[in-house]
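Student: Pasting a structure below so you can have a look.
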Amino acid sequence: MLIRKPSDVLPSEITPEPVWRARRDWIARAAAGAAALSMPVWATRAATGPQGGELAPLPGTPDRQFAIMDKPTSYEDVTSYNNFYEFGVDKDDPARHAKALRTRPWTVTVEGEVQKPRTFDIDALLKLAPQEDRTYRMRCVEGWSMVIPWVGYPLSALLRQVEPTGNARFVEFVSVAQRDTMPGLRYPVVEWPYTEGLRLDEAMHPLTLLTFGLYGKVLPNQNGAPLRIVVPWKYGFKSAKSLVTIRLTEKMPVSAWMKAAPNEYGFYANVNPNVPHPRWSQATERRIGEDGIFSPKRKTLMFNGYEQVASLYTGMDLRANY
């Protein structure tokens, strides 16, 4: 029997406490076919489109302003190794279950502290601004990362359409909760529907992307179809998926993970190698798809390497504002 020492355990193999507690409850109540407890191997499962169909092309114009030299993660890994707890707590659950997600018809309501609240049809949002093709580093809080070519445009283009009021200081994002297509909603991993938030200046930063596709195709369901937010200098859970409501507020919204585990997940969630998670270090990361679990660790970069956002946090204590 092989007994692993703490130093042998990879950060990506450590599951957040709210997740393993929910998983234990899930498995205890499930019969045959329950999700396995072990971390799955990076699969090569095909991407899941709307109702399981073929994914439509969604080309974008390369945005050289934010180009990076990192080698993109393979399409197979990007679309088969995901966190999307509405479909299950294991990394391969979204690719197995998300084909049932209904992505048409789809509308997004933008409300709250705005002068012109509106409800947008997804096709109208697609035409709102020119699509840009941006490759971003994306890092998960558990210590693994990917490099993904996203297709979308700055979220600021949408927010300007509704004209934020002088009271608007934050932006809250609400994900869809389709109880008949999302098996994970039956289990209290977090409070559903999933919610996240940004400060208004973070949301208006040109790096924050309203995202409709990846690798030149529309978003696969397991990656947050039909639209999501991508915030590359923060941990992955800040980039809310399958959005149905965007709400501008005066007070800071309390996100789903802040409610579930406030000692572990704060509002800002900036990638910061100098602030360890309570149960593991954030100083290094492992890039998915590079020689599997034997790939060398990389040093984690402050703000994930996006120095363009550093001025947003001038004078802030980023240990207290984690």
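Identifiers in this document derive from the order of the structure tokens: chains are assigned A, B, ..., residues are numbered from 1 separately in each chain, and ligands are numbered from 1 in order of occurrence.
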Pick out each residue of range 54-302 of chain A that DSSP on the backbone tags as helix (DSSP H, G or I); I need them as a PyMOL selection string.

Tutor: chain A and resi 64-66+75-78+85-87+93-100+122-126+155-162+183-186+200-204+221-223+236-238+256-260+292-294+302

Student: Can you list, as a PyMOL selection string, every protein, DNA or RNA residue that comes within 10 Å of Thr135 in chain A when you count only C-alpha atoms, leaving out same-chain residues fewer than 5 positions away?

Tutor: chain A and resi 62-64+66-72+147-151+214-215+232

Student: Quick one: everything within 10 Å of range 273-279 of chain A, counting only C-alpha atoms, minus sequence neighbours fewer than 3 positions away in the same chain. Send it as a list in words.

Tutor: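 Contacts, in chain order: Pro11, Ile14, Thr15, Pro16, Glu17, Val141, Glu142, Asn263, Glu264, Tyr265, Asn270, Gln282, Ala283, Thr284, Glu285, Lys299, Thr300, Leu301, Met302, Phe303, Asn304, Leu318, Arg319, Ala320 and Tyr322 of chain A.
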
Student: Report the residues of range 48-291 of chain A whose backbone DSSP state falls under strand (DSSP E), written as an MDAnalysis selection string.

Tutor: chainID A and resid 61:62 107:112 118:121 132:139 144:154 170:175 195:199 209:214 217:218 228:230 243:249 284:287

Student: Taking only C-alpha atoms into account, name the residue in A:Gly236, A:Pro154, A:Pro164, A:Pro105 that is nearest to Arg137 in chain A.

Tutor: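 Using only C-alpha atoms, Arg137 in chain A sits closest to A:Gly236.
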
Student: Considering only C-alpha atoms, return as number ranges by chain whatever protein or nucleic-acid residues lie within 10 Å of Pro253 in chain A, sequence-local ones (same chain, fewer than 3 positions apart) excluded.

Tutor: A: 170-173, 195-199, 247-250, 256, 258, 267

Student: Using N, CA, C and O atoms, can you write the selected residues to a file as a PDB file, in the first residue's frame?

Tutor:
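What ended up in selection-v1.pdb:
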ATOM      1  N   PHE A 170     -20.197  48.554  -8.367  1.00  0.00           N
ATOM      2  CA  PHE A 170     -19.912  47.134  -8.531  1.00  0.00           C
ATOM      3  C   PHE A 170     -20.815  46.552  -9.623  1.00  0.00           C
ATOM      4  O   PHE A 170     -21.837  47.137  -9.979  1.00  0.00           O
ATOM      5  N   VAL A 171     -20.396  45.379 -10.119  1.00  0.00           N
ATOM      6  CA  VAL A 171     -21.187  44.649 -11.106  1.00  0.00           C
ATOM      7  C   VAL A 171     -21.351  43.220 -10.612  1.00  0.00           C
ATOM      8  O   VAL A 171     -20.365  42.537 -10.301  1.00  0.00           O
ATOM      9  N   GLU A 172     -22.592  42.774 -10.508  1.00  0.00           N
ATOM     10  CA  GLU A 172     -22.901  41.409 -10.090  1.00  0.00           C
ATOM     11  C   GLU A 172     -23.316  40.592 -11.306  1.00  0.00           C
ATOM     12  O   GLU A 172     -24.039  41.070 -12.174  1.00  0.00           O
ATOM     13  N   PHE A 173     -22.845  39.343 -11.366  1.00  0.00           N
ATOM     14  CA  PHE A 173     -23.173  38.433 -12.456  1.00  0.00           C
ATOM     15  C   PHE A 173     -23.967  37.253 -11.906  1.00  0.00           C
ATOM     16  O   PHE A 173     -23.586  36.673 -10.882  1.00  0.00           O
ATOM     17  N   THR A 195     -23.440  33.174  -8.348  1.00  0.00           N
ATOM     18  CA  THR A 195     -23.266  34.616  -8.493  1.00  0.00           C
ATOM     19  C   THR A 195     -21.797  34.975  -8.303  1.00  0.00           C
ATOM     20  O   THR A 195     -21.073  34.321  -7.554  1.00  0.00           O
ATOM     21  N   GLU A 196     -21.374  36.011  -9.006  1.00  0.00           N
ATOM     22  CA  GLU A 196     -20.022  36.548  -8.861  1.00  0.00           C
ATOM     23  C   GLU A 196     -20.089  38.058  -8.991  1.00  0.00           C
ATOM     24  O   GLU A 196     -21.163  38.625  -9.235  1.00  0.00           O
ATOM     25  N   GLY A 197     -18.959  38.732  -8.809  1.00  0.00           N
ATOM     26  CA  GLY A 197     -18.978  40.181  -8.889  1.00  0.00           C
ATOM     27  C   GLY A 197     -17.602  40.775  -9.115  1.00  0.00           C
ATOM     28  O   GLY A 197     -16.576  40.146  -8.825  1.00  0.00           O
ATOM     29  N   LEU A 198     -17.603  41.989  -9.655  1.00  0.00           N
ATOM     30  CA  LEU A 198     -16.387  42.765  -9.862  1.00  0.00           C
ATOM     31  C   LEU A 198     -16.648  44.189  -9.410  1.00  0.00           C
ATOM     32  O   LEU A 198     -17.802  44.632  -9.345  1.00  0.00           O
ATOM     33  N   ARG A 199     -15.586  44.908  -9.124  1.00  0.00           N
ATOM     34  CA  ARG A 199     -15.704  46.339  -8.982  1.00  0.00           C
ATOM     35  C   ARG A 199     -15.950  46.920 -10.371  1.00  0.00           C
ATOM     36  O   ARG A 199     -15.516  46.358 -11.377  1.00  0.00           O
ATOM     37  N   ARG A 247     -26.021  42.897 -13.041  1.00  0.00           N
ATOM     38  CA  ARG A 247     -26.669  43.896 -12.179  1.00  0.00           C
ATOM     39  C   ARG A 247     -25.618  44.858 -11.631  1.00  0.00           C
ATOM     40  O   ARG A 247     -24.656  44.437 -10.981  1.00  0.00           O
ATOM     41  N   LEU A 248     -25.792  46.140 -11.888  1.00  0.00           N
ATOM     42  CA  LEU A 248     -24.888  47.151 -11.339  1.00  0.00           C
ATOM     43  C   LEU A 248     -25.418  47.603  -9.985  1.00  0.00           C
ATOM     44  O   LEU A 248     -26.627  47.864  -9.841  1.00  0.00           O
ATOM     45  N   THR A 249     -24.537  47.671  -9.003  1.00  0.00           N
ATOM     46  CA  THR A 249     -24.960  47.939  -7.629  1.00  0.00           C
ATOM     47  C   THR A 249     -24.068  48.993  -6.983  1.00  0.00           C
ATOM     48  O   THR A 249     -22.945  49.241  -7.425  1.00  0.00           O
ATOM     49  N   GLU A 250     -24.594  49.576  -5.917  1.00  0.00           N
ATOM     50  CA  GLU A 250     -23.814  50.516  -5.126  1.00  0.00           C
ATOM     51  C   GLU A 250     -22.975  49.791  -4.083  1.00  0.00           C
ATOM     52  O   GLU A 250     -21.855  50.201  -3.772  1.00  0.00           O
ATOM     53  N   ALA A 256     -21.174  33.694  -4.584  1.00  0.00           N
ATOM     54  CA  ALA A 256     -21.516  32.343  -4.141  1.00  0.00           C
ATOM     55  C   ALA A 256     -20.417  31.730  -3.285  1.00  0.00           C
ATOM     56  O   ALA A 256     -20.687  31.131  -2.237  1.00  0.00           O
ATOM     57  N   MET A 258     -18.035  33.345  -1.644  1.00  0.00           N
ATOM     58  CA  MET A 258     -17.882  34.097  -0.400  1.00  0.00           C
ATOM     59  C   MET A 258     -18.880  33.615   0.635  1.00  0.00           C
ATOM     60  O   MET A 258     -18.563  33.525   1.828  1.00  0.00           O
ATOM     61  N   PHE A 267     -13.608  38.599  -2.098  1.00  0.00           N
ATOM     62  CA  PHE A 267     -14.241  39.258  -3.241  1.00  0.00           C
ATOM     63  C   PHE A 267     -13.275  39.453  -4.402  1.00  0.00           C
ATOM     64  O   PHE A 267     -13.649  39.297  -5.559  1.00  0.00           O
TER      65      PHE A 267
END

Student: Which one of A:Ser295, A:Arg134, A:Lys116, A:Val254 sits closest to Gly216 in chain A if you count only C-alpha atoms?

Tutor: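 Going through A:Ser295, A:Arg134, A:Lys116, A:Val254 one by one, the smallest distance to Gly216 in chain A is for A:Arg134.
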
Student: CA of Leu243 in chain A to CA of Asp121 in chain A: how many Å, to one decimal?

Tutor: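 Taking CA of Leu243 in chain A and CA of Asp121 in chain A, their separation equals 11.9 Å.
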
Student: Measuring atom to atom with only C-alpha atoms, identify which of A:Tyr153, A:Thr79, A:Glu163, A:Arg139 is nearest to Thr61 in chain A.

Tutor: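 Ranked by minimum distance to Thr61 in chain A, first place goes to A:Tyr153.
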
Student: Find the residue from A:Val162, A:Leu125, A:Met182, A:Ala100 that sits nearest to Phe212 in chain A; use only C-alpha atoms when measuring.

Tutor: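 Going through A:Val162, A:Leu125, A:Met182, A:Ala100 one by one, the smallest distance to Phe212 in chain A is for A:Leu125.
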
Student: Can you work out the spacing between CA of Ala225 in chain A and CA of Leu159 in chain A in Å, to one decimal?

Tutor: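 Answer for the CA of Ala225 in chain A to CA of Leu159 in chain A separation: 19.9 Å.
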